[in-house]
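K.L.:
Here you go, this is coords.pdb (PDB, C-alpha atoms).
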ATOM      1  CA  MET A  16       0.000   0.000   0.000
ATOM      2  CA  VAL A  17       1.403   3.407  -1.001
ATOM      3  CA  SER A  18       1.570   5.884   1.877
ATOM      4  CA  THR A  19       0.757   9.584   1.646
ATOM      5  CA  ILE A  20       2.091  12.528   3.593
ATOM      6  CA  GLU A  21       0.729  12.329   7.125
ATOM      7  CA  LEU A  22       0.549  15.547   9.110
ATOM      8  CA  ASN A  23       0.468  15.649  12.891
ATOM      9  CA  LYS A  24      -2.288  17.434  14.774
ATOM     10  CA  ARG A  25      -0.326  20.651  15.216
ATOM     11  CA  GLN A  26       0.560  20.826  11.529
ATOM     12  CA  GLU A  27      -3.102  20.368  10.617
ATOM     13  CA  GLN A  28      -3.991  23.204  13.012
ATOM     14  CA  ILE A  29      -1.401  25.430  11.350
ATOM     15  CA  LEU A  30      -2.801  24.651   7.923
ATOM     16  CA  HIS A  31      -6.311  25.485   9.100
ATOM     17  CA  ILE A  32      -5.206  28.824  10.573
ATOM     18  CA  VAL A  33      -3.252  29.845   7.487
ATOM     19  CA  LYS A  34      -6.037  28.720   5.170
ATOM     20  CA  GLU A  35      -8.590  30.816   7.044
ATOM     21  CA  GLN A  36      -6.473  33.864   7.927
ATOM     22  CA  GLY A  37      -3.483  33.968   5.609
ATOM     23  CA  PRO A  38      -1.324  35.719   4.858
ATOM     24  CA  ILE A  39      -0.321  35.504   8.495
ATOM     25  CA  THR A  40       3.027  35.763  10.262
ATOM     26  CA  GLY A  41       4.697  32.986  12.211
ATOM     27  CA  GLU A  42       4.394  35.030  15.382
ATOM     28  CA  GLN A  43       0.629  35.368  14.919
ATOM     29  CA  ILE A  44       0.253  31.623  14.327
ATOM     30  CA  ALA A  45       2.335  30.851  17.421
ATOM     31  CA  GLU A  46       0.230  33.218  19.503
ATOM     32  CA  GLN A  47      -3.011  31.497  18.480
ATOM     33  CA  LEU A  48      -1.582  28.093  19.379
ATOM     34  CA  ASN A  49      -0.041  29.346  22.634
ATOM     35  CA  LEU A  50       3.397  28.297  21.478
ATOM     36  CA  THR A  51       6.726  30.011  21.012
ATOM     37  CA  ARG A  52       7.937  30.902  17.539
ATOM     38  CA  ALA A  53      10.916  28.588  18.023
ATOM     39  CA  THR A  54       8.639  25.628  18.800
ATOM     40  CA  LEU A  55       6.584  26.302  15.702
ATOM     41  CA  ARG A  56       9.519  26.807  13.333
ATOM     42  CA  PRO A  57      10.127  23.100  12.417
ATOM     43  CA  ASP A  58       6.444  22.578  11.562
ATOM     44  CA  LEU A  59       6.345  25.673   9.390
ATOM     45  CA  ALA A  60       9.534  24.534   7.627
ATOM     46  CA  ILE A  61       8.056  21.089   6.903
ATOM     47  CA  LEU A  62       4.777  22.521   5.600
ATOM     48  CA  THR A  63       6.619  25.016   3.428
ATOM     49  CA  MET A  64       9.079  22.472   1.990
ATOM     50  CA  ALA A  65       6.227  20.050   1.342
ATOM     51  CA  GLY A  66       4.438  22.736  -0.641
ATOM     52  CA  PHE A  67       1.349  23.126   1.533
ATOM     53  CA  LEU A  68       2.373  26.638   2.536
ATOM     54  CA  ASP A  69       4.339  29.401   0.921
ATOM     55  CA  ALA A  70       6.076  32.284   2.645
ATOM     56  CA  ARG A  71       6.909  35.816   1.615
ATOM     57  CA  PRO A  72       9.243  38.175   3.506
ATOM     58  CA  ARG A  73       7.416  40.848   5.506
ATOM     59  CA  VAL A  74       4.088  39.338   4.435
ATOM     60  CA  GLY A  75       3.848  35.976   6.116
ATOM     61  CA  TYR A  76       2.581  32.493   5.337
ATOM     62  CA  PHE A  77      -0.269  31.703   2.998
ATOM     63  CA  TYR A  78      -2.003  28.516   1.926
ATOM     64  CA  THR A  79      -1.094  27.332  -1.570
ATOM     65  CA  GLY A  80      -4.392  25.533  -2.052
ATOM     66  CA  LYS A  81      -2.602  22.706  -3.851
ATOM     67  CA  SER A  82      -3.609  19.081  -3.542
ATOM     68  CA  GLY A  83      -1.164  16.261  -2.945
ATOM     69  CA  THR A  84      -1.440  15.339  -6.626
ATOM     70  CA  GLN A  85      -0.571  18.861  -7.720
ATOM     71  CA  LEU A  86       2.428  18.931  -5.388
ATOM     72  CA  LEU A  87       3.601  15.566  -6.713
ATOM     73  CA  THR A  88       3.291  16.817 -10.291
ATOM     74  CA  GLU A  89       5.347  19.898  -9.483
ATOM     75  CA  ASN A  90       8.077  17.789  -7.886
ATOM     76  CA  LEU A  91       8.185  15.483 -10.903
ATOM     77  CA  GLN A  92       8.842  18.505 -13.087
ATOM     78  CA  LYS A  93      12.027  19.155 -11.102
ATOM     79  CA  ILE A  94      13.672  15.750 -11.632
ATOM     80  CA  TYR A  95      16.093  15.452 -14.529
ATOM     81  CA  VAL A  96      17.791  12.560 -16.278
ATOM     82  CA  LYS A  97      21.178  13.616 -14.876
ATOM     83  CA  ASP A  98      19.845  13.105 -11.338
ATOM     84  CA  TYR A  99      19.260   9.376 -11.840
ATOM     85  CA  GLN A 100      21.204   8.186 -14.893
ATOM     86  CA  SER A 101      23.451   5.179 -14.403
ATOM     87  CA  ILE A 102      26.609   3.910 -16.104
ATOM     88  CA  PRO A 103      26.002   2.592 -19.633
ATOM     89  CA  VAL A 104      27.163  -0.825 -20.812
ATOM     90  CA  VAL A 105      28.509  -0.611 -24.364
ATOM     91  CA  VAL A 106      29.912  -3.082 -26.875
ATOM     92  CA  ASN A 107      31.646  -2.593 -30.197
ATOM     93  CA  GLU A 108      29.577  -3.215 -33.311
ATOM     94  CA  ASN A 109      31.960  -5.966 -34.430
ATOM     95  CA  VAL A 110      31.767  -8.180 -31.339
ATOM     96  CA  SER A 111      29.944 -11.462 -31.781
ATOM     97  CA  VAL A 112      26.401 -12.106 -30.634
ATOM     98  CA  TYR A 113      27.881 -14.727 -28.280
ATOM     99  CA  ASP A 114      30.150 -12.113 -26.656
ATOM    100  CA  ALA A 115      27.218  -9.703 -26.382
ATOM    101  CA  ILE A 116      25.201 -12.339 -24.546
ATOM    102  CA  CYS A 117      28.106 -12.921 -22.152
ATOM    103  CA  THR A 118      28.467  -9.184 -21.531
ATOM    104  CA  MET A 119      24.763  -8.806 -20.832
ATOM    105  CA  PHE A 120      24.873 -11.704 -18.377
ATOM    106  CA  LEU A 121      28.029 -10.554 -16.588
ATOM    107  CA  GLU A 122      26.899  -6.920 -16.330
ATOM    108  CA  ASP A 123      23.353  -7.953 -15.341
ATOM    109  CA  VAL A 124      21.654  -5.547 -17.753
ATOM    110  CA  GLY A 125      18.817  -5.911 -20.220
ATOM    111  CA  THR A 126      20.129  -3.591 -22.934
ATOM    112  CA  LEU A 127      23.517  -3.032 -24.568
ATOM    113  CA  PHE A 128      24.450   0.113 -26.466
ATOM    114  CA  VAL A 129      26.502  -0.548 -29.593
ATOM    115  CA  VAL A 130      29.257   1.857 -30.613
ATOM    116  CA  ASP A 131      31.634   2.145 -33.558
ATOM    117  CA  THR A 132      35.411   2.481 -33.510
ATOM    118  CA  ASN A 133      35.010   6.168 -32.584
ATOM    119  CA  SER A 134      32.894   5.216 -29.548
ATOM    120  CA  LEU A 135      29.822   6.803 -31.121
ATOM    121  CA  LEU A 136      26.365   5.268 -30.815
ATOM    122  CA  VAL A 137      25.310   3.195 -33.816
ATOM    123  CA  GLY A 138      22.809   0.737 -32.354
ATOM    124  CA  VAL A 139      21.021  -0.875 -29.437
ATOM    125  CA  VAL A 140      20.677  -4.560 -28.581
ATOM    126  CA  SER A 141      18.022  -5.848 -26.184
ATOM    127  CA  ARG A 142      17.410  -9.205 -24.532
ATOM    128  CA  LYS A 143      14.739  -9.893 -27.150
ATOM    129  CA  ASP A 144      17.214  -9.275 -29.975
ATOM    130  CA  LEU A 145      19.728 -11.717 -28.502
ATOM    131  CA  LEU A 146      17.065 -14.312 -27.765
ATOM    132  CA  ARG A 147      15.746 -14.050 -31.303
ATOM    133  CA  ALA A 148      19.264 -14.530 -32.682
ATOM    134  CA  SER A 149      19.785 -17.557 -30.432
ATOM    135  CA  ILE A 150      16.795 -19.402 -31.864
ATOM    136  CA  GLY A 151      17.922 -21.579 -34.736
ATOM    137  CA  LYS A 152      21.131 -23.228 -35.784
ATOM    138  CA  GLN A 153      23.267 -20.156 -36.367
ATOM    139  CA  GLU A 154      26.784 -20.014 -34.944
ATOM    140  CA  LEU A 155      26.478 -17.107 -32.534
ATOM    141  CA  ILE A 156      30.218 -16.730 -32.239
ATOM    142  CA  THR A 157      30.482 -15.855 -35.936
ATOM    143  CA  ILE A 158      27.597 -13.367 -36.171
ATOM    144  CA  PRO A 159      28.587  -9.736 -35.437
ATOM    145  CA  VAL A 160      26.206  -7.854 -33.205
ATOM    146  CA  HIS A 161      25.601  -5.149 -35.802
ATOM    147  CA  ILE A 162      23.614  -7.705 -37.831
ATOM    148  CA  ILE A 163      20.857  -7.961 -35.202
ATOM    149  CA  MET A 164      20.924  -4.527 -33.518
ATOM    150  CA  THR A 165      18.413  -1.730 -33.880
ATOM    151  CA  ARG A 166      20.184   0.938 -35.916
ATOM    152  CA  MET A 167      20.278   4.685 -36.041
ATOM    153  CA  PRO A 168      18.085   6.630 -36.644
ATOM    154  CA  ASN A 169      15.559   4.242 -35.076
ATOM    155  CA  ILE A 170      17.033   4.612 -31.593
ATOM    156  CA  THR A 171      15.205   6.459 -28.827
ATOM    157  CA  MET A 172      17.712   8.673 -27.000
ATOM    158  CA  CYS A 173      17.733  11.323 -24.298
ATOM    159  CA  GLU A 174      20.048  13.967 -22.866
ATOM    160  CA  ARG A 175      21.107  14.818 -19.319
ATOM    161  CA  ASP A 176      18.849  17.846 -19.040
ATOM    162  CA  ASP A 177      15.672  16.091 -20.178
ATOM    163  CA  LEU A 178      12.910  15.685 -17.609
ATOM    164  CA  LEU A 179      12.825  12.190 -16.153
ATOM    165  CA  ILE A 180       9.021  12.039 -16.417
ATOM    166  CA  ASP A 181       9.271  12.593 -20.199
ATOM    167  CA  ILE A 182      11.729   9.715 -20.531
ATOM    168  CA  ALA A 183       9.442   7.503 -18.435
ATOM    169  CA  ARG A 184       6.709   8.190 -20.996
ATOM    170  CA  LYS A 185       9.072   7.184 -23.813
ATOM    171  CA  LEU A 186       9.892   3.890 -22.092
ATOM    172  CA  ILE A 187       6.182   3.142 -21.887
ATOM    173  CA  GLU A 188       5.312   4.322 -25.402
ATOM    174  CA  LYS A 189       8.172   2.452 -27.081
ATOM    175  CA  GLN A 190       7.843  -0.586 -24.781
ATOM    176  CA  ILE A 191      11.587  -0.668 -24.171
ATOM    177  CA  ASP A 192      13.631  -1.271 -21.019
ATOM    178  CA  ALA A 193      16.374   1.331 -21.381
ATOM    179  CA  ILE A 194      17.288   4.543 -23.183
ATOM    180  CA  PRO A 195      20.844   5.778 -23.791
ATOM    181  CA  VAL A 196      21.803   9.154 -22.403
ATOM    182  CA  VAL A 197      23.859  10.860 -25.096
ATOM    183  CA  ARG A 198      26.015  13.898 -25.708
ATOM    184  CA  LYS A 199      25.849  15.315 -29.207
ATOM    185  CA  THR A 200      29.205  15.827 -30.958
ATOM    186  CA  ASP A 201      30.217  16.983 -34.435
ATOM    187  CA  LYS A 202      30.534  13.363 -35.570
ATOM    188  CA  GLY A 203      27.571  11.767 -33.814
ATOM    189  CA  TYR A 204      26.277  10.823 -30.385
ATOM    190  CA  GLU A 205      28.485   9.779 -27.493
ATOM    191  CA  VAL A 206      26.885   7.496 -24.898
ATOM    192  CA  ILE A 207      27.370   8.961 -21.414
ATOM    193  CA  GLY A 208      24.712   7.122 -19.420
ATOM    194  CA  ARG A 209      21.503   5.136 -19.432
ATOM    195  CA  ILE A 210      18.010   5.441 -18.031
ATOM    196  CA  THR A 211      16.153   2.225 -17.252
ATOM    197  CA  LYS A 212      12.880   1.270 -15.621
ATOM    198  CA  THR A 213      14.903   0.641 -12.462
ATOM    199  CA  ASN A 214      16.196   4.238 -12.507
ATOM    200  CA  ILE A 215      12.623   5.490 -12.852
ATOM    201  CA  THR A 216      11.506   3.307  -9.936
ATOM    202  CA  LYS A 217      14.329   4.638  -7.737
ATOM    203  CA  ALA A 218      13.277   8.198  -8.524
ATOM    204  CA  PHE A 219       9.669   7.580  -7.541
ATOM    205  CA  VAL A 220      10.691   5.785  -4.334
ATOM    206  CA  ALA A 221      12.980   8.688  -3.413
ATOM    207  CA  LEU A 222      10.204  11.162  -4.158
ATOM    208  CA  GLY A 223       7.829   9.229  -1.947
ATOM    209  CA  GLU A 224      10.338   9.130   0.916
ATOM    210  CA  GLU A 225      10.914  12.867   0.667
TER     211      GLU A 225
END
How does the structure come out when it is put into structure tokens?

P.N.:
Amino acid sequence: MVSTIELNKRQEQILHIVKEQGPITGEQIAEQLNLTRATLRPDLAILTMAGFLDARPRVGYFYTGKSGTQLLTENLQKIYVKDYQSIPVVVNENVSVYDAICTMFLEDVGTLFVVDTNSLLVGVVSRKDLLRASIGKQELITIPVHIIMTRMPNITMCERDDLLIDIARKLIEKQIDAIPVVRKTDKGYEVIGRITKTNITKAFVALGEE
């Protein structure tokens, strides 16, 4: 069961006061609750950081009127690929399908990014591609991986400054497990990272814990 933000009784009282009387200063809130400003400060900080309240200098606190869903959406719009990208696993386009399978197994990944002699992205190989190549009587050690890979320009890519939520949509739309994070150069695209479904899951778990 997914948990939501749970406020304590005092925090709920603060929200009610600000909602009814805001903008209102911290001192005025403390006075109504018969508390010191210092005692109230941690609660006000939590409510402000969580997005329930906003504060303006010399004005005071006011209620944002935002629901939990709206706050979650706003937080999602602040998470970028660079915050959660992981190290890519790449292979040269001339390695054999057999070697690619071994690399995938040893690195415990579901997708390999294929590069040329200049270390520029030329293709992507998934578990499905390797499984498909393994069916039959072909000698996997003699088949180069570039024969079975998905080639440019049919590769879905992303950059470090892309929003993570947009890349999550691409993973769903394309029904793929991973997307290479690239840096554009004069000659092509250099692979500098990867975003997988696991990276997306880690981001959502971290967001929930925050």

K.L.:
What does the PyMOL selection byres ((chain A and resi 206-215) around 7) select in this file, as a PyMOL selection string?

P.N.:
chain A and resi 99-103+135-136+183+192-198+204-205+216-219

K.L.:
So that I can see what lies close to Gly37 (chain A), please list as a list in words the residues with an atom at most 12 Å from it, counting only C-alpha atoms and leaving out residues fewer than 5 positions away in the same chain.

P.N.:
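Using only C-alpha atoms, the neighbours found are Ile29, Leu30, His31, Ile32, Gln43, Ile44, Leu68, Asp69, Ala70, Arg71, Val74, Gly75, Tyr76, Phe77, Tyr78, Thr79 and Gly80 of chain A.
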
K.L.:
Evaluate the PyMOL selection byres ((chain A and resi 148) around 12) against this structure - the residues, as a list in words, please.

P.N.:
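For this structure, the PyMOL selection byres ((chain A and resi 148) around 12) resolves to Ser111, Val112, Tyr113, Ala115, Ile116, Val140, Ser141, Arg142, Lys143, Asp144, Leu145, Leu146, Arg147, Ser149, Ile150, Gly151, Lys152, Gln153, Glu154, Leu155, Ile156, Thr157, Ile158, Pro159, Val160, His161, Ile162, Ile163 and Met164 of chain A.
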
K.L.:
At what distance in Å, to one decimal, does CA of Thr126 (chain A) lie from CA of Val139 (chain A)?

P.N.:
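Straight-line distance from CA of Val139 (chain A) to CA of Thr126 (chain A) works out to 7.1 Å.
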
K.L.:
Hey, what comes out of the PyMOL selection byres ((chain A and resi 96) around 8) on this file? Could you write it as a list in words?

P.N.:
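With the shown file as input, the PyMOL selection byres ((chain A and resi 96) around 8) matches Ile94, Tyr95, Lys97, Asp98, Tyr99, Gln100, Glu174, Arg175, Asp176, Asp177, Leu178, Leu179, Ile182 and Ile210 of chain A.
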
K.L.:
Enter the distance from CA of Gln92 (chain A) to CA of Ala60 (chain A), in Å, rounded to one decimal.

P.N.:
21.6 Å

K.L.:
Given 6 Å of margin on each side, can you work out the centre and size in Å (one decimal) of an axis-aligned box holding every listed atom of region 136-147 of chain A, as lines of an AutoDock Vina configuration file?

P.N.:
center_x = 20.6
center_y = -4.5
center_z = -29.2
size_x = 23.6
size_y = 31.6
size_z = 21.3

K.L.:
Record the distance separating CA of Asn90 (chain A) and CA of Gln36 (chain A), expressed in Å with one decimal.

P.N.:
26.8 Å

K.L.:
Ranking A:Arg73, A:Asn169, A:Glu108, A:Ile61 by minimum distance to Glu42 (chain A) and counting only C-alpha atoms, which one comes first?

P.N.:
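Result for the nearest residue to Glu42 (chain A): A:Arg73.
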
K.L.:
So that I can see what lies close to Val137 (chain A), please list as a list of chain:residue names the residues with an atom at most 9 Å from it, counting only C-alpha atoms and leaving out residues fewer than 6 positions away in the same chain.

P.N.:
A:Glu108, A:Phe128, A:Val129, A:Val130, A:Asp131, A:His161, A:Met164, A:Thr165, A:Arg166, A:Met167, A:Pro168, A:Ile170, A:Gly203, A:Tyr204

K.L.:
Which of these, A:Thr118, A:Thr200, A:Gln190, A:Thr63, has the shortest distance to Asn133 (chain A) once you count all atoms listed in the file?

P.N.:
A:Thr200

K.L.:
Select, from A:Phe67, A:Thr132, A:Pro72, A:Glu46, the residue with the minimum atom-to-atom distance to Lys34 (chain A), counting all atoms listed in the file.

P.N.:
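Looking only at the distances to Lys34 (chain A), the closest residue turns out to be A:Phe67.
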